[in-house]
$ cat input_23.tsv   # TSV, C-alpha atoms
chain	number	residue	atom	x	y	z
A	188	MET	CA	83.62	138.03	56.40
A	189	TRP	CA	81.76	135.86	58.95
A	190	ALA	CA	83.89	132.83	58.05
A	191	SER	CA	87.02	134.97	58.40
A	192	PHE	CA	85.90	136.17	61.84
A	193	MET	CA	85.22	132.61	62.98
A	194	TRP	CA	88.61	131.44	61.73
A	195	HIS	CA	90.58	134.14	63.54
A	196	GLY	CA	88.50	133.84	66.75
A	197	ALA	CA	88.76	130.08	67.14
A	198	LEU	CA	91.51	128.52	69.27
A	199	SER	CA	94.16	126.55	67.45
A	200	PRO	CA	94.47	122.82	68.35
A	201	GLY	CA	97.62	123.60	70.36
A	202	ARG	CA	95.91	126.39	72.32
A	203	ARG	CA	92.85	124.22	72.95
A	204	ALA	CA	95.06	121.47	74.33
A	205	HIS	CA	96.86	124.00	76.54
A	206	SER	CA	93.52	125.33	77.76
A	207	ALA	CA	92.31	121.80	78.61
A	208	LEU	CA	95.53	121.09	80.50
A	209	ALA	CA	95.20	124.35	82.43
A	210	GLN	CA	91.63	123.40	83.35
A	211	LEU	CA	92.82	119.96	84.51
A	212	ARG	CA	95.56	121.50	86.65
A	213	CYS	CA	93.05	123.85	88.27
A	214	ILE	CA	90.73	120.94	89.11
A	215	LEU	CA	93.55	118.80	90.48
A	216	ASP	CA	95.01	121.65	92.55
A	217	SER	CA	91.60	122.21	94.12
A	218	GLU	CA	91.22	118.49	94.92
A	219	LEU	CA	94.70	118.28	96.44
A	220	GLU	CA	94.16	121.40	98.52
A	221	GLY	CA	90.94	119.88	99.84
A	222	ILE	CA	92.86	116.78	100.96
A	223	ARG	CA	95.46	118.93	102.73
A	224	GLY	CA	92.80	121.08	104.33
A	225	ALA	CA	91.00	118.02	105.71
A	226	GLY	CA	94.20	116.81	107.35
A	227	THR	CA	94.14	113.56	105.37
A	228	TRP	CA	97.22	114.13	103.21
A	229	LYS	CA	99.37	111.00	103.01
A	230	SER	CA	103.10	111.54	102.77
A	231	GLU	CA	105.52	108.76	101.84
A	232	ARG	CA	108.51	108.37	104.11
A	233	VAL	CA	111.56	107.03	102.30
A	234	ILE	CA	113.26	103.96	103.78
A	235	THR	CA	116.95	103.55	102.96
A	236	SER	CA	117.42	100.01	104.31
A	237	ARG	CA	115.88	96.58	103.93
A	238	GLN	CA	112.57	95.87	105.68
A	239	GLY	CA	112.81	94.70	109.30
A	240	PRO	CA	112.03	95.56	112.91
A	241	SER	CA	114.70	98.28	112.76
A	242	ILE	CA	115.07	100.40	109.64
A	243	ARG	CA	116.75	103.56	108.41
A	244	VAL	CA	114.64	106.47	107.18
A	245	ASP	CA	115.83	109.21	104.84
A	246	GLY	CA	116.60	112.42	106.72
A	247	ILE	CA	116.64	110.82	110.16
A	248	SER	CA	119.82	109.70	111.86
A	249	GLY	CA	120.01	106.39	113.66
A	250	GLY	CA	117.82	103.31	113.55
A	251	ILE	CA	114.05	103.52	113.67
A	252	LEU	CA	111.77	100.81	115.09
A	253	ASN	CA	109.21	99.88	112.46
A	254	PHE	CA	105.74	99.12	113.79
A	255	CYS	CA	103.64	99.50	110.64
A	256	ALA	CA	104.80	96.82	108.18
A	257	ASN	CA	102.83	93.73	107.18
A	258	ASN	CA	106.02	91.78	107.84
A	259	TYR	CA	104.19	89.58	110.35
A	260	LEU	CA	106.70	86.73	110.53
A	261	GLY	CA	109.79	88.80	109.87
A	262	LEU	CA	110.54	86.87	106.67
A	263	SER	CA	110.97	89.88	104.36
A	264	SER	CA	114.68	89.96	105.14
A	265	HIS	CA	115.19	86.40	106.40
A	266	PRO	CA	118.60	85.15	105.13
A	267	ALA	CA	117.16	81.89	103.77
A	268	VAL	CA	114.39	83.73	101.93
A	269	ILE	CA	116.84	86.18	100.38
A	270	GLN	CA	119.17	83.37	99.35
A	271	ALA	CA	116.31	81.47	97.73
A	272	GLY	CA	115.41	84.57	95.75
A	273	LEU	CA	118.98	84.99	94.57
A	274	GLN	CA	119.30	81.35	93.52
A	275	THR	CA	116.00	81.45	91.63
A	276	LEU	CA	116.98	84.71	89.94
A	277	GLU	CA	120.24	83.14	88.76
A	278	GLU	CA	118.60	79.94	87.49
A	279	PHE	CA	115.33	81.24	86.01
A	280	GLY	CA	116.13	84.86	85.11
A	281	ALA	CA	114.68	88.27	85.94
A	282	GLY	CA	111.28	87.74	84.35
A	283	LEU	CA	109.25	85.99	81.67
A	284	SER	CA	108.25	88.92	79.43
A	285	SER	CA	104.97	87.08	78.92
A	286	THR	CA	101.65	86.15	80.38
A	287	ARG	CA	101.21	82.68	81.80
A	288	PHE	CA	99.26	81.15	78.92
A	289	ILE	CA	101.64	82.33	76.19
A	290	CYS	CA	105.15	81.48	77.36
A	291	GLY	CA	105.23	82.63	80.98
A	292	THR	CA	104.77	79.45	83.01
A	293	GLN	CA	107.90	77.92	84.52
A	294	SER	CA	108.21	74.85	86.69
A	295	ILE	CA	108.64	77.09	89.75
A	296	HIS	CA	105.21	78.67	89.16
A	297	LYS	CA	103.50	75.28	89.04
A	298	ASN	CA	105.46	74.07	92.07
A	299	LEU	CA	104.47	77.12	94.13
A	300	GLU	CA	100.81	76.74	93.15
A	301	ALA	CA	100.89	73.10	94.27
A	302	LYS	CA	102.60	74.08	97.52
A	303	ILE	CA	99.95	76.76	98.23
A	304	ALA	CA	97.12	74.30	97.60
A	305	HIS	CA	98.77	71.76	99.91
A	306	PHE	CA	99.31	74.41	102.60
A	307	HIS	CA	95.63	75.40	102.56
A	308	GLN	CA	94.44	71.81	102.08
A	309	ARG	CA	92.68	72.71	98.83
A	310	GLU	CA	92.58	71.05	95.40
A	311	ASP	CA	94.42	73.65	93.33
A	312	ALA	CA	95.75	77.21	93.29
A	313	ILE	CA	96.45	79.97	90.77
A	314	LEU	CA	99.01	82.79	91.09
A	315	TYR	CA	98.36	86.49	90.39
A	316	PRO	CA	100.60	89.59	90.45
A	317	SER	CA	98.85	90.62	93.69
A	318	CYS	CA	95.86	89.67	95.80
A	319	PHE	CA	94.19	92.85	94.53
A	320	ASP	CA	94.36	91.20	91.09
A	321	ALA	CA	93.11	87.90	92.52
A	322	ASN	CA	90.07	89.69	93.94
A	323	ALA	CA	89.58	91.64	90.73
A	324	GLY	CA	89.68	88.42	88.71
A	325	LEU	CA	87.48	86.10	90.76
A	326	PHE	CA	83.94	87.44	90.92
A	327	GLU	CA	83.61	88.49	87.27
A	328	ALA	CA	84.80	85.09	86.06
A	329	LEU	CA	82.68	83.06	88.48
A	330	LEU	CA	79.38	84.89	88.88
A	331	THR	CA	76.70	85.72	86.31
A	332	PRO	CA	73.49	87.80	86.38
A	333	GLU	CA	71.76	84.66	87.70
A	334	ASP	CA	73.90	84.69	90.86
A	335	ALA	CA	74.26	86.76	94.03
A	336	VAL	CA	77.19	87.90	96.15
A	337	LEU	CA	76.78	88.97	99.78
A	338	SER	CA	79.61	91.16	101.07
A	339	ASP	CA	80.54	92.51	104.51
A	340	GLU	CA	80.29	96.31	104.39
A	341	LEU	CA	83.88	96.74	105.64
A	342	ASN	CA	85.51	94.34	103.21
A	343	HIS	CA	88.81	95.42	101.67
A	344	ALA	CA	88.67	97.82	98.71
A	345	SER	CA	89.93	95.09	96.37
A	346	ILE	CA	86.96	92.85	97.24
A	347	ILE	CA	84.57	95.75	96.74
A	348	ASP	CA	86.14	96.63	93.38
A	349	GLY	CA	86.14	92.99	92.29
A	350	ILE	CA	82.46	92.65	93.11
A	351	ARG	CA	81.68	95.84	91.18
A	352	LEU	CA	83.13	94.21	88.05
A	353	CYS	CA	80.77	91.24	88.13
A	354	LYS	CA	77.16	91.17	86.94
A	355	ALA	CA	75.77	89.24	89.92
A	356	HIS	CA	73.14	90.72	92.22
A	357	LYS	CA	74.91	92.51	95.07
A	358	TYR	CA	73.93	92.45	98.73
A	359	ARG	CA	75.88	94.25	101.46
A	360	TYR	CA	75.42	93.16	105.07
A	361	ARG	CA	76.36	95.13	108.17
A	362	HIS	CA	79.85	94.49	109.52
A	363	LEU	CA	79.98	91.12	111.34
A	364	ASP	CA	76.18	91.24	111.74
A	365	MET	CA	74.94	87.68	111.34
A	366	ALA	CA	71.27	88.60	111.69
A	367	ASP	CA	71.62	90.98	108.74
A	368	LEU	CA	73.54	88.38	106.74
A	369	GLU	CA	70.78	85.85	107.35
A	370	ALA	CA	68.16	88.35	106.21
A	371	LYS	CA	70.13	88.99	103.02
A	372	LEU	CA	70.57	85.24	102.44
A	373	LYS	CA	66.83	84.75	102.71
A	374	GLU	CA	66.31	87.54	100.19
A	375	ALA	CA	68.89	85.99	97.84
A	376	GLN	CA	67.29	82.54	97.70
A	377	LYS	CA	65.85	83.32	94.26
A	378	HIS	CA	69.32	83.36	92.68
A	379	ARG	CA	71.25	80.42	91.21
A	380	LEU	CA	74.48	80.69	93.24
A	381	ARG	CA	74.95	82.62	96.46
A	382	LEU	CA	78.49	83.57	97.49
A	383	VAL	CA	79.22	85.10	100.90
A	384	ALA	CA	82.39	87.21	100.69
A	385	THR	CA	84.34	88.36	103.72
A	386	ASP	CA	87.78	89.28	104.92
A	387	GLY	CA	89.09	86.74	107.39
A	388	ALA	CA	90.80	89.47	109.40
A	389	PHE	CA	89.86	93.08	108.72
A	390	SER	CA	92.98	95.12	108.13
A	391	MET	CA	91.84	98.46	109.52
A	392	ASP	CA	90.19	97.22	112.73
A	393	GLY	CA	92.03	94.01	113.58
A	394	ASP	CA	88.78	92.12	114.09
A	395	ILE	CA	88.11	88.61	112.83
A	396	ALA	CA	85.12	87.40	110.82
A	397	PRO	CA	82.84	84.97	112.71
A	398	LEU	CA	83.46	82.22	110.19
A	399	GLN	CA	81.73	79.51	112.24
A	400	ASP	CA	78.46	81.47	112.09
A	401	ILE	CA	79.00	82.48	108.47
A	402	CYS	CA	79.60	78.86	107.43
A	403	ARG	CA	76.59	77.67	109.43
A	404	LEU	CA	74.34	80.21	107.69
A	405	ALA	CA	75.87	79.38	104.31
A	406	ALA	CA	75.09	75.69	104.81
A	407	GLN	CA	71.57	76.50	105.97
A	408	TYR	CA	70.80	78.68	102.95
A	409	GLY	CA	72.81	76.86	100.28
A	410	ALA	CA	75.59	79.42	99.85
A	411	LEU	CA	79.32	79.24	99.16
A	412	VAL	CA	81.91	81.02	101.32
A	413	PHE	CA	84.81	83.13	100.07
A	414	VAL	CA	87.45	84.46	102.49
A	415	ASP	CA	90.24	86.95	101.84
A	416	GLU	CA	93.09	85.84	104.13
A	417	CYS	CA	95.71	88.51	103.40
A	418	HIS	CA	95.95	89.49	107.06
A	419	ALA	CA	95.74	85.93	108.37
A	420	THR	CA	97.79	83.62	106.15
A	421	GLY	CA	100.97	82.53	107.86
A	422	PHE	CA	100.18	83.48	111.44
A	423	LEU	CA	96.55	82.87	112.49
A	424	GLY	CA	95.59	79.36	113.55
A	425	PRO	CA	97.78	76.75	115.27
A	426	THR	CA	99.93	76.23	112.16
A	427	GLY	CA	99.36	79.59	110.44
A	428	ARG	CA	96.83	78.39	107.86
A	429	GLY	CA	94.54	81.35	108.59
A	430	THR	CA	91.19	82.21	110.11
A	431	ASP	CA	89.51	79.08	108.76
A	432	GLU	CA	92.03	76.98	110.71
A	433	LEU	CA	91.77	79.26	113.74
A	434	LEU	CA	88.00	78.79	113.86
A	435	GLY	CA	87.91	75.15	112.75
A	436	VAL	CA	86.08	75.57	109.43
A	437	MET	CA	88.76	74.68	106.86
A	438	ASP	CA	86.45	72.13	105.26
A	439	GLN	CA	83.56	74.63	104.98
A	440	VAL	CA	85.25	77.57	103.23
A	441	THR	CA	85.03	77.12	99.45
A	442	ILE	CA	87.46	79.75	98.14
A	443	ILE	CA	90.46	81.48	99.68
A	444	ASN	CA	92.30	84.45	98.22
A	445	SER	CA	95.50	85.59	99.86
A	446	THR	CA	98.85	87.27	99.35
A	447	LEU	CA	102.54	86.52	99.17
A	448	GLY	CA	103.25	90.18	99.95
A	449	LYS	CA	102.77	90.16	103.72
A	450	ALA	CA	103.71	87.24	105.99
A	451	LEU	CA	105.01	85.02	103.17
A	452	GLY	CA	108.13	86.93	102.26
A	453	GLY	CA	106.63	90.36	101.75
A	454	ALA	CA	107.57	90.82	98.09
A	455	SER	CA	104.43	90.69	95.93
A	456	GLY	CA	102.01	88.23	94.43
A	457	GLY	CA	98.62	86.83	95.32
A	458	TYR	CA	96.60	83.71	94.70
A	459	THR	CA	93.25	81.96	94.67
A	460	THR	CA	92.98	78.44	96.06
A	461	GLY	CA	89.94	76.20	96.04
A	462	PRO	CA	88.17	73.58	93.88
A	463	GLU	CA	90.13	72.45	90.82
A	464	PRO	CA	87.33	73.29	88.32
A	465	LEU	CA	87.19	76.85	89.69
A	466	VAL	CA	90.94	77.31	89.27
A	467	SER	CA	90.71	75.89	85.73
A	468	LEU	CA	87.95	78.40	84.93
A	469	LEU	CA	90.04	81.27	86.25
A	470	ARG	CA	92.92	80.25	83.99
A	471	GLN	CA	90.50	80.57	81.05
A	472	ARG	CA	88.53	83.68	82.01
A	473	SER	CA	90.17	85.72	84.76
A	474	ARG	CA	91.30	88.94	83.08
A	475	PRO	CA	94.07	89.96	85.55
A	476	TYR	CA	95.58	86.47	85.10
A	477	LEU	CA	95.23	86.41	81.32
A	478	PHE	CA	96.53	89.93	80.69
A	479	SER	CA	99.31	90.32	83.31
A	480	ASN	CA	102.90	89.19	83.19
A	481	SER	CA	103.90	86.15	85.22
A	482	LEU	CA	105.26	86.60	88.71
A	483	PRO	CA	109.03	87.26	88.54
A	484	PRO	CA	111.10	84.17	89.37
A	485	ALA	CA	112.84	85.79	92.36
A	486	VAL	CA	109.46	86.56	93.95
A	487	VAL	CA	108.36	82.96	93.39
A	488	GLY	CA	111.57	81.64	94.94
A	489	CYS	CA	111.26	83.86	98.02
A	490	ALA	CA	107.61	82.94	98.61
A	491	SER	CA	108.29	79.24	98.17
A	492	LYS	CA	111.07	79.32	100.78
A	493	ALA	CA	108.85	81.33	103.17
A	494	LEU	CA	106.21	78.61	102.94
A	495	ASP	CA	108.85	75.95	103.58
A	496	LEU	CA	109.98	77.73	106.75
A	497	LEU	CA	106.41	78.10	107.95
A	498	MET	CA	105.54	74.45	107.36
A	499	GLU	CA	108.71	73.27	109.11
A	500	SER	CA	107.81	74.89	112.46
A	501	ASN	CA	105.02	76.92	114.07
A	502	ALA	CA	107.27	78.38	116.79
A	503	ILE	CA	107.40	81.75	115.06
A	504	VAL	CA	103.58	81.89	114.95
A	505	GLN	CA	103.34	81.30	118.70
A	506	SER	CA	106.03	83.92	119.40
A	507	MET	CA	104.07	86.62	117.57
A	508	ALA	CA	100.87	85.84	119.47
A	509	ALA	CA	102.62	86.42	122.81
A	510	LYS	CA	104.10	89.71	121.62
A	511	THR	CA	100.70	90.88	120.36
A	512	ARG	CA	99.16	90.25	123.78
A	513	ARG	CA	102.00	92.16	125.45
A	514	PHE	CA	101.48	95.28	123.31
A	515	ARG	CA	97.70	95.28	123.58
A	516	SER	CA	97.62	94.81	127.36
A	517	LYS	CA	100.23	97.52	128.03
A	518	MET	CA	98.53	100.04	125.74
A	519	GLU	CA	95.10	99.44	127.28
A	520	ALA	CA	96.59	99.71	130.77
A	521	ALA	CA	98.03	103.10	129.76
A	522	GLY	CA	94.55	104.33	128.80
A	523	PHE	CA	94.47	103.88	125.02
A	524	THR	CA	91.63	102.23	123.13
A	525	VAL	CA	92.96	99.45	120.90
A	526	SER	CA	90.47	98.03	118.39
A	527	GLY	CA	90.16	94.36	117.51
A	528	ALA	CA	91.19	91.39	119.61
A	529	ASP	CA	94.23	89.09	119.62
A	530	HIS	CA	95.37	90.19	116.16
A	531	PRO	CA	98.80	91.73	115.46
A	532	ILE	CA	96.99	94.60	113.77
A	533	CYS	CA	96.49	96.90	116.75
A	534	PRO	CA	94.59	100.08	115.76
A	535	VAL	CA	95.09	102.80	118.38
A	536	MET	CA	91.81	104.70	118.06
A	537	LEU	CA	92.09	108.52	118.15
A	538	GLY	CA	89.09	109.75	116.13
A	539	ASP	CA	90.57	112.96	114.74
A	540	ALA	CA	92.51	112.84	111.46
A	541	ARG	CA	94.91	115.67	112.30
A	542	LEU	CA	95.60	114.22	115.73
A	543	SER	CA	96.49	110.82	114.29
A	544	SER	CA	98.79	112.39	111.70
A	545	GLN	CA	100.51	114.70	114.20
A	546	MET	CA	101.00	111.95	116.75
A	547	ALA	CA	102.49	109.65	114.10
A	548	ASP	CA	104.95	112.41	113.13
A	549	ASP	CA	105.97	112.90	116.77
A	550	MET	CA	106.33	109.14	117.25
A	551	LEU	CA	108.89	109.18	114.42
A	552	LYS	CA	110.86	111.84	116.29
A	553	LYS	CA	111.04	109.36	119.16
A	554	GLY	CA	112.32	106.63	116.89
A	555	ILE	CA	109.05	104.78	116.23
A	556	PHE	CA	107.74	104.39	112.66
A	557	VAL	CA	103.92	104.30	112.65
A	558	ILE	CA	101.35	105.80	110.29
A	559	GLY	CA	98.08	107.61	110.94
A	560	PHE	CA	95.06	106.34	109.00
A	561	SER	CA	92.10	108.56	108.20
A	562	TYR	CA	89.33	109.05	105.65
A	563	PRO	CA	88.96	107.70	102.97
A	564	VAL	CA	90.98	104.68	104.16
A	565	VAL	CA	88.77	104.51	107.27
A	566	PRO	CA	85.38	106.13	107.97
A	567	LYS	CA	85.25	109.80	109.00
A	568	GLY	CA	85.65	110.18	112.77
A	569	LYS	CA	87.44	106.82	113.03
A	570	ALA	CA	91.04	107.98	112.50
A	571	ARG	CA	93.66	105.86	114.17
A	572	ILE	CA	97.33	104.92	114.26
A	573	ARG	CA	97.59	101.31	113.14
A	574	VAL	CA	100.34	99.45	114.93
A	575	GLN	CA	101.45	96.08	113.56
A	576	ILE	CA	103.38	93.57	115.62
A	577	SER	CA	105.99	91.31	114.03
A	578	ALA	CA	107.49	88.09	115.32
A	579	VAL	CA	110.92	89.72	115.06
A	580	HIS	CA	110.07	92.56	117.45
A	581	SER	CA	111.70	92.03	120.83
A	582	GLU	CA	109.89	92.62	124.11
A	583	GLU	CA	112.14	95.65	124.57
A	584	ASP	CA	111.01	96.99	121.17
A	585	ILE	CA	107.38	96.65	122.20
A	586	ASP	CA	107.91	98.33	125.56
A	587	ARG	CA	109.75	101.21	123.91
A	588	CYS	CA	106.86	101.69	121.47
A	589	VAL	CA	104.33	101.81	124.33
A	590	GLU	CA	106.46	104.33	126.24
A	591	ALA	CA	106.65	106.59	123.18
A	592	PHE	CA	102.86	106.38	122.72
A	593	VAL	CA	102.32	107.44	126.34
A	594	GLU	CA	104.67	110.42	126.01
A	595	VAL	CA	103.24	111.59	122.68
A	596	GLY	CA	99.66	110.90	123.80
A	597	ARG	CA	100.07	113.15	126.82
A	598	LEU	CA	101.71	115.84	124.71
A	599	HIS	CA	98.66	115.97	122.42
A	600	GLY	CA	96.01	115.51	125.08
A	601	ALA	CA	95.06	112.02	123.98
A	602	LEU	CA	95.91	110.80	127.50
A	603	PRO	CA	95.39	112.64	130.79

$ encode --input "input_23.tsv" --output "structure tokens"
Amino acid sequence: MWASFMWHGALSPGRRAHSALAQLRCILDSELEGIRGAGTWKSERVITSRQGPSIRVDGISGGILNFCANNYLGLSSHPAVIQAGLQTLEEFGAGLSSTRFICGTQSIHKNLEAKIAHFHQREDAILYPSCFDANAGLFEALLTPEDAVLSDELNHASIIDGIRLCKAHKYRYRHLDMADLEAKLKEAQKHRLRLVATDGAFSMDGDIAPLQDICRLAAQYGALVFVDECHATGFLGPTGRGTDELLGVMDQVTIINSTLGKALGGASGGYTTGPEPLVSLLRQRSRPYLFSNSLPPAVVGCASKALDLLMESNAIVQSMAAKTRRFRSKMEAAGFTVSGADHPICPVMLGDARLSSQMADDMLKKGIFVIGFSYPVVPKGKARIRVQISAVHSEEDIDRCVEAFVEVGRLHGALP
């Protein structure tokens, strides 16, 4: 009788699965409601045109000025870049259906890697599906429990996640604080290798790492320097090589990771460039490289042409710098606080998450596409609208954006 009672009282496998799914839905609904309640819900606006300074957005009539893309040089829709992608697609196909080491390496992949190494004045380079993958694949392959990595506390999430994967001893120094970095370097002297890891330009604040001081401390304490240049490659420095060129330390930075998905065509893809033995090791041990499909040929063709255009002339780099100064000076004159300095990432600091979201929505009504950023993307109390200047914005575009900010800011009490 007891066995019979147990049999009839127990849930069937199907009912148990349904019960587990219902429990999951309850947990997820609670989490999602918490995000909405905190004012940090992130909606995705749907663009119905190609990327550019003026775009079309689903549900909104007329053109919209886009001030939140990473399209720094305006090459995402450059006719020569598009044509190069089409030609490469026709000649080399849609994809490789393989990882690089099996049957996924074409001549265009090797040519682009050589071009990247030449651009950065490094020995070799290796392509990844994204710079997130490049960061995920570097530290685990390079560092062992005998080593140490010292990371700026505001480094990009991909650097943080990549460091978590490795078994090295981990030190975190305060943002841009060289005294704290030096203290951590002294503490890390007992380890075999010491690698200082930093963003070149920090994407949420628009500030630039003090690479001269970082490289000086690295030399003093026998450390290597790694820089993520995603928000610098193509437009910082006299010829767009990045923050190491801007600050005159190209020969002192050991490893650079960067992206093809921002200034260099805006499609996708990332890379590591540095010493040839390091790149060879990554080809043998870097898991995102070994277990991911090769970059699609069209993406390779677009990025290669973008690099060609950049190396032919630096006029576009100089144009963007002037437009960045125009936006920053006009916004500050209007009474806004703009974080960072001389970087096309121009975070308009508002503090409150709901305020940043509501102002961004009202900016769209005035024909300006910007996005509010709040926790967990930025620290609590540091919500902002991140404006990004492109070389293809006109001065009239920039002035119109500032005027809309002033109107919306006064409407919401962000300006007197």

$ atom_distance --input "input_23.tsv" --atom1 "atom CA of Ser264 of chain A" --atom2 "atom CA of Pro475 of chain A"
28.4 Å

$ closest_residue --input "input_23.tsv" --among "A:Thr385, A:Ser284, A:Thr511, A:Ser199" --to "Ser577 of chain A" --atoms "only C-alpha atoms"
A:Thr511

$ atom_distance --input "input_23.tsv" --atom1 "atom CA of Pro425 of chain A" --atom2 "atom CA of Leu368 of chain A"
28.2 Å

$ atom_distance --input "input_23.tsv" --atom1 "atom CA of Pro566 of chain A" --atom2 "atom CA of Lys552 of chain A"
27.4 Å

$ residues_around --input "input_23.tsv" --residues "Glu369 of chain A" --least-positions-apart "5" --cutoff "12 Å" --atoms "all atoms listed in the file" --output "JSON list (two decimals) with C-alpha atoms, in the coordinates of the input"
[["chain", "number", "residue", "atom", "x", "y", "z"],
["A", 337, "LEU", "CA", 76.78, 88.97, 99.78],
["A", 358, "TYR", "CA", 73.93, 92.45, 98.73],
["A", 359, "ARG", "CA", 75.88, 94.25, 101.46],
["A", 360, "TYR", "CA", 75.42, 93.16, 105.07],
["A", 361, "ARG", "CA", 76.36, 95.13, 108.17],
["A", 363, "LEU", "CA", 79.98, 91.12, 111.34],
["A", 364, "ASP", "CA", 76.18, 91.24, 111.74],
["A", 374, "GLU", "CA", 66.31, 87.54, 100.19],
["A", 375, "ALA", "CA", 68.89, 85.99, 97.84],
["A", 376, "GLN", "CA", 67.29, 82.54, 97.70],
["A", 383, "VAL", "CA", 79.22, 85.10, 100.90],
["A", 400, "ASP", "CA", 78.46, 81.47, 112.09],
["A", 401, "ILE", "CA", 79.00, 82.48, 108.47],
["A", 402, "CYS", "CA", 79.60, 78.86, 107.43],
["A", 403, "ARG", "CA", 76.59, 77.67, 109.43],
["A", 404, "LEU", "CA", 74.34, 80.21, 107.69],
["A", 405, "ALA", "CA", 75.87, 79.38, 104.31],
["A", 406, "ALA", "CA", 75.09, 75.69, 104.81],
["A", 407, "GLN", "CA", 71.57, 76.50, 105.97],
["A", 408, "TYR", "CA", 70.80, 78.68, 102.95],
["A", 409, "GLY", "CA", 72.81, 76.86, 100.28],
["A", 410, "ALA", "CA", 75.59, 79.42, 99.85]]

$ residues_near_point --input "input_23.tsv" --point "(93.9, 111.0, 120.1)" --cutoff "12 Å" --atoms "only C-alpha atoms" --output "number ranges by chain"
A: 522-525, 534-547, 559, 568-572, 592-593, 595-603

$ closest_atom_pairs --input "input_23.tsv" --of "segment 518-595 of chain A" --to "segment 438-454 of chain A" --cutoff "12 Å" --atoms "only C-alpha atoms" --output "Markdown table"
| residue | atom | partner | partner_atom | distance |
| --- | --- | --- | --- | --- |
| A:Pro531 | CA | A:Ala450 | CA | 11.6 |
| A:Gln575 | CA | A:Lys449 | CA | 11.6 |
| A:Ile576 | CA | A:Ala450 | CA | 11.5 |
| A:Ser577 | CA | A:Ala450 | CA | 9.3 |
| A:Ala578 | CA | A:Ala450 | CA | 10.1 |
| A:Val579 | CA | A:Ala450 | CA | 11.8 |

$ residues_near_point --input "input_23.tsv" --point "(105.9, 73.7, 109.0)" --cutoff "12 Å" --atoms "all atoms listed in the file" --output "PyMOL selection string"
chain A and resi 302+305-306+421-422+425-428+492-504
